[in-house]
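Structure, as structure tokens:
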Amino acid sequence: MTTLLIAEHDQGGLKEATARTLTAATAIGSDVVVLIAGDGCGAAAEAAAKLSGVSRVLQVDNPALAHQLPEPMADLVLSLAGSYDALVAPATTFGKNLMPRVAALLDVAQVSDVTAVVDPNTFERPIYAGNAIETVRCDEPKRIVTMRPSAYKPAPAGDAAPIDTADVPADMAGRSAFISAEIPDLDRPDLGSARIVISGGRAFNSADAFRQYLEPIADKLGAAIGASRAAVDAGYAPNDLQVGQTGKVVAPDLYIACGISGAIQHLAGMKESRIIVAINKDPEAPIFQIADYGLVGDVFEILPELGQALGPPDGN
Ligand SMILES: Cc1cc2nc3c(=O)[nH]c(=O)nc-3n(C[C@H](O)[C@H](O)[C@H](O)COP(=O)(O)OP(=O)(O)OC[C@H]3O[C@@H](n4cnc5c(N)ncnc54)[C@H](O)[C@@H]3O)c2cc1C
């Protein structure tokens with residue numbers, strides 16, 4: 001079984017989701033080729049080559065791939081697909097943007113958001129906002145699979161794999177154009193891979209309070225900030241911070257839910273966290289049913305106290 005893993009990267013390095021997806025890809029088959037497509041992506045290719053389980057890296061550099069837009073990326077993947085039994089990507093915004101297009105163009109059904117590889121044709125994936133696990137058998141001639149990164153550990157470092165290059169197809173699609181990117185909060189750990197996440201909900205009542213009460217704790221803990229959908233919809237937090245069924249799925253070592261009720265759609269994005277702490281003034285809030293530690297009280301009192309108890313920022 002030969003697998004092509006389409007890497008998520010920022011030219012200079014790999015996203016952690018790629019190393020996690022690699023762990024899953026090696027469970028499908030031992031021959032895993034990592035595709036690094038971009039423009040000036042040599043450093044990302046070298047980083048991929050150093051991961052254990054990679055048999056070869058395929059580096060494709062072209063200005064049309066600089067922003068990894070799904071249209072040219074799909075054409076590139078299609079031009080390579082003939083040599084592979086499985087095409088795999090992380091179930092992140094990147095993979096969700098790309099793989100359905102690849103699957104449609106190949107006219108095969110995709111298996112999405114896989115949390116366990118049972119065998120090369122059989123996969124487990126959560127359904128109903130994580131309330132049930134579905135086992136899916138894929139009999140397609142080619143497996144198109146997205147893997148939930150938080151379900152796998154990152155592949156460790158290994159022996160250096162060879163890096164080959166490939167050309168882009170002559171008729172690569174240019175139906176979309178990159179305009180601009182806004183990348184906020186580079187100082188904070190990435191929400192998808194942070195060890196600690198502190199999230200806020202509707203309780204904060206305003207964007208100012210959301211920042212004022214959560215940021216000092218996040219700084220002290222070296223944590224990423226997350227939000228419930230209610231907080232995002234109310235404009236307290238940007239939507240790339242949303243955790244849940246329609247946001248990011250996270251599984252940090254520590255998840256602190258502040259003023260979040262614990263709706264199943266929110267739990268779907270964080271219930272695999274190792275330790276869950278909930279702060280809520282309602283002792284009946286559903287979040288307490290899955291919390292390892294629960295604090296019944298007002299976030300506007302508890303968070304400043306927590307901040308004082310934590311002392312100065314840890315410098316992370
Ligand atoms: C299809 C679909 C997809 C969805 N996807 C998502 C998703 O991805 N992520 C997500 O989060 N939601 C999602 N939702 C919405 C979800 O159902 C809930 O509406 C949302 O999670 C509620 O957010 P919340 O807990 O912040 O607000 P609420 O449910 O209003 O809870 C606020 C909580 O704060 C507590 N509180 C209030 N004031 C204080 C205070 N001063 N101190 C302490 N506690 C206080 C209250 O007791 C309450 O428990 C989705 C819904 C649907 C239908």
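Just remember, in the structure tokens the first chain shown is A, the second B, etc., residues are 1-based per chain, and ligands are 1-based in the order shown.
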**Prompt:** Hey, which residues come within 7 Å of ligand 1 if we count only C-alpha atoms and all ligand atoms? Could you give them as a PyMOL selection string?
**Reply:** chain A and resi 200-204+227-231+242-247+258-266+269+279-282+285+297-300
**Selection: 12 Å around Ala218 (chain A), only C-alpha atoms, excl. self and same-chain fewer than 5 positions, as a ChimeraX atom specification** = /A:187-189,191,194-200,210-213,223-226,254-256,303,306-307,310,312-316
Store the residues picked out above in a file with C-alpha atoms, as a compact mmCIF listing (two decimals), in the first residue's frame.
```
# COMPACT_ATOMS: atom_id res chain seq x y z
CA ASP A 187 3.03 35.17 20.02
CA ARG A 188 0.56 32.63 21.31
CA PRO A 189 0.75 28.86 20.78
CA LEU A 191 -4.80 26.49 19.21
CA ALA A 194 -1.16 23.89 22.24
CA ARG A 195 -0.50 21.89 25.44
CA ILE A 196 -2.80 24.20 27.40
CA VAL A 197 -5.97 25.88 26.14
CA ILE A 198 -8.09 28.36 28.08
CA SER A 199 -11.48 29.01 26.47
CA GLY A 200 -14.19 31.55 27.14
CA PHE A 210 -13.01 38.31 27.03
CA ARG A 211 -9.49 39.64 26.41
CA GLN A 212 -9.09 41.34 29.78
CA TYR A 213 -9.85 38.24 31.83
CA ALA A 223 -1.68 28.74 26.74
CA ALA A 224 -3.67 29.18 23.53
CA ILE A 225 -7.03 30.93 23.78
CA GLY A 226 -10.21 29.26 22.55
CA LEU A 254 -5.12 20.91 30.06
CA TYR A 255 -8.36 22.57 28.87
CA ILE A 256 -9.86 25.32 31.03
CA LEU A 303 -9.93 34.39 36.97
CA LEU A 306 -6.20 32.49 39.56
CA GLY A 307 -3.99 35.07 37.86
CA LEU A 310 -0.10 31.90 39.18
CA PRO A 312 4.29 36.26 36.69
CA PRO A 313 4.10 34.85 33.12
CA ASP A 314 6.19 31.73 32.50
CA GLY A 315 7.91 33.34 29.52
CA ASN A 316 6.69 30.73 26.99
```
Give me, as CSV, the closest atom pair and its distance (Å, one decimal) for every residue of region 63-94 of chain A within a cut-off of 12 Å of region 41-52 of chain A, counting only C-alpha atoms, rows sorted by chain and rising number.
```
residue,atom,partner,partner_atom,distance
A:Pro63,CA,A:Cys41,CA,10.8
A:Leu65,CA,A:Cys41,CA,10.0
A:Ala66,CA,A:Cys41,CA,8.8
A:His67,CA,A:Cys41,CA,11.2
A:Gln68,CA,A:Cys41,CA,11.3
```
Write out as CSV the residues of region 38-116 of chain A that have any atom within 9 Å of an atom of region 124-147 of chain A, one row each with the nearest atom pair and its distance in Å to one decimal, counting only C-alpha atoms, sorted by chain and then rising number.
```
residue,atom,partner,partner_atom,distance
A:Ala81,CA,A:Lys142,CA,8.7
A:Tyr84,CA,A:Lys142,CA,7.7
A:Asp85,CA,A:Lys142,CA,5.2
A:Ala86,CA,A:Arg143,CA,4.5
A:Leu87,CA,A:Ile144,CA,5.0
A:Val88,CA,A:Val145,CA,4.9
A:Ala89,CA,A:Thr146,CA,4.9
A:Pro90,CA,A:Met147,CA,4.9
A:Ala91,CA,A:Thr146,CA,4.8
A:Thr92,CA,A:Thr146,CA,8.4
A:Gly95,CA,A:Thr146,CA,6.7
A:Lys96,CA,A:Thr146,CA,7.7
A:Met99,CA,A:Ile144,CA,7.2
A:Pro100,CA,A:Ile144,CA,8.5
A:Val102,CA,A:Ile144,CA,8.0
A:Ala103,CA,A:Ile144,CA,6.3
A:Leu106,CA,A:Lys142,CA,8.6
A:Val108,CA,A:Glu140,CA,6.3
A:Ala109,CA,A:Glu140,CA,7.1
A:Gln110,CA,A:Ile144,CA,4.9
A:Val111,CA,A:Val145,CA,4.9
A:Ser112,CA,A:Thr146,CA,4.9
A:Asp113,CA,A:Met147,CA,4.9
A:Val114,CA,A:Met147,CA,4.6
A:Thr115,CA,A:Arg125,CA,5.4
A:Ala116,CA,A:Glu124,CA,5.0
```
**Prompt:** Got a sec to tell me which of region 196-282 of chain A DSSP assigns to strand (DSSP E or B), as JSON, numbers by chain?
**Reply:** {"A": [196, 197, 198, 199, 200, 224, 225, 226, 227, 242, 243, 248, 254, 255, 256, 257, 258, 275, 276, 277, 278, 279, 280]}
**Item:** Nearest to Ala166 (chain A) by atom-to-atom distance, counting only C-alpha atoms, from A:Gly294, A:Gly29, A:Pro70, A:Gly38
**Value:**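 Under the stated criterion, the closest residue is A:Gly38.
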**Prompt:** Using only C-alpha atoms, which of the listed residues (A:Val60, A:Leu22, A:Leu105, A:Leu267) sits closest to Val168 (chain A)?
**Reply:**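 Checking each of A:Val60, A:Leu22, A:Leu105, A:Leu267 against Val168 (chain A), counting only C-alpha atoms, the winner is A:Val60.
Taking CA of Gly158 (chain A) as the reference point, CA of Ser55 (chain A) is found at 10.5 Å.
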**Request:** Would you mind telling me which residue in A:Pro184, A:Ser206, A:Pro304, A:Arg175 lies nearest to Leu241 (chain A) when using only C-alpha atoms?
**Result:**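 Checking each candidate against Leu241 (chain A), we get A:Pro184 as the closest.
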**Message:** Considering only C-alpha atoms, can you say which of A:Asp10, A:Asp253, A:Glu301, A:Glu71 comes closest to Arg101 (chain A)?
**Reply:**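 Of all the options, A:Glu71 lies closest to Arg101 (chain A).
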**Message:** Let me make sure I understand: among A:Leu221, A:Ile163, A:Val117, A:Met1, which one has the smallest atom-to-atom distance to Leu58 (chain A) if we use only C-alpha atoms?
**Reply:**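 Nearest to Leu58 (chain A): A:Ile163.
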**Request:** Pick out each residue of region 21-186 of chain A that DSSP on the backbone tags as alpha helix (DSSP H); I need them as number ranges by chain.
**Result:** A: 21-28, 42-49, 70-80, 93-106
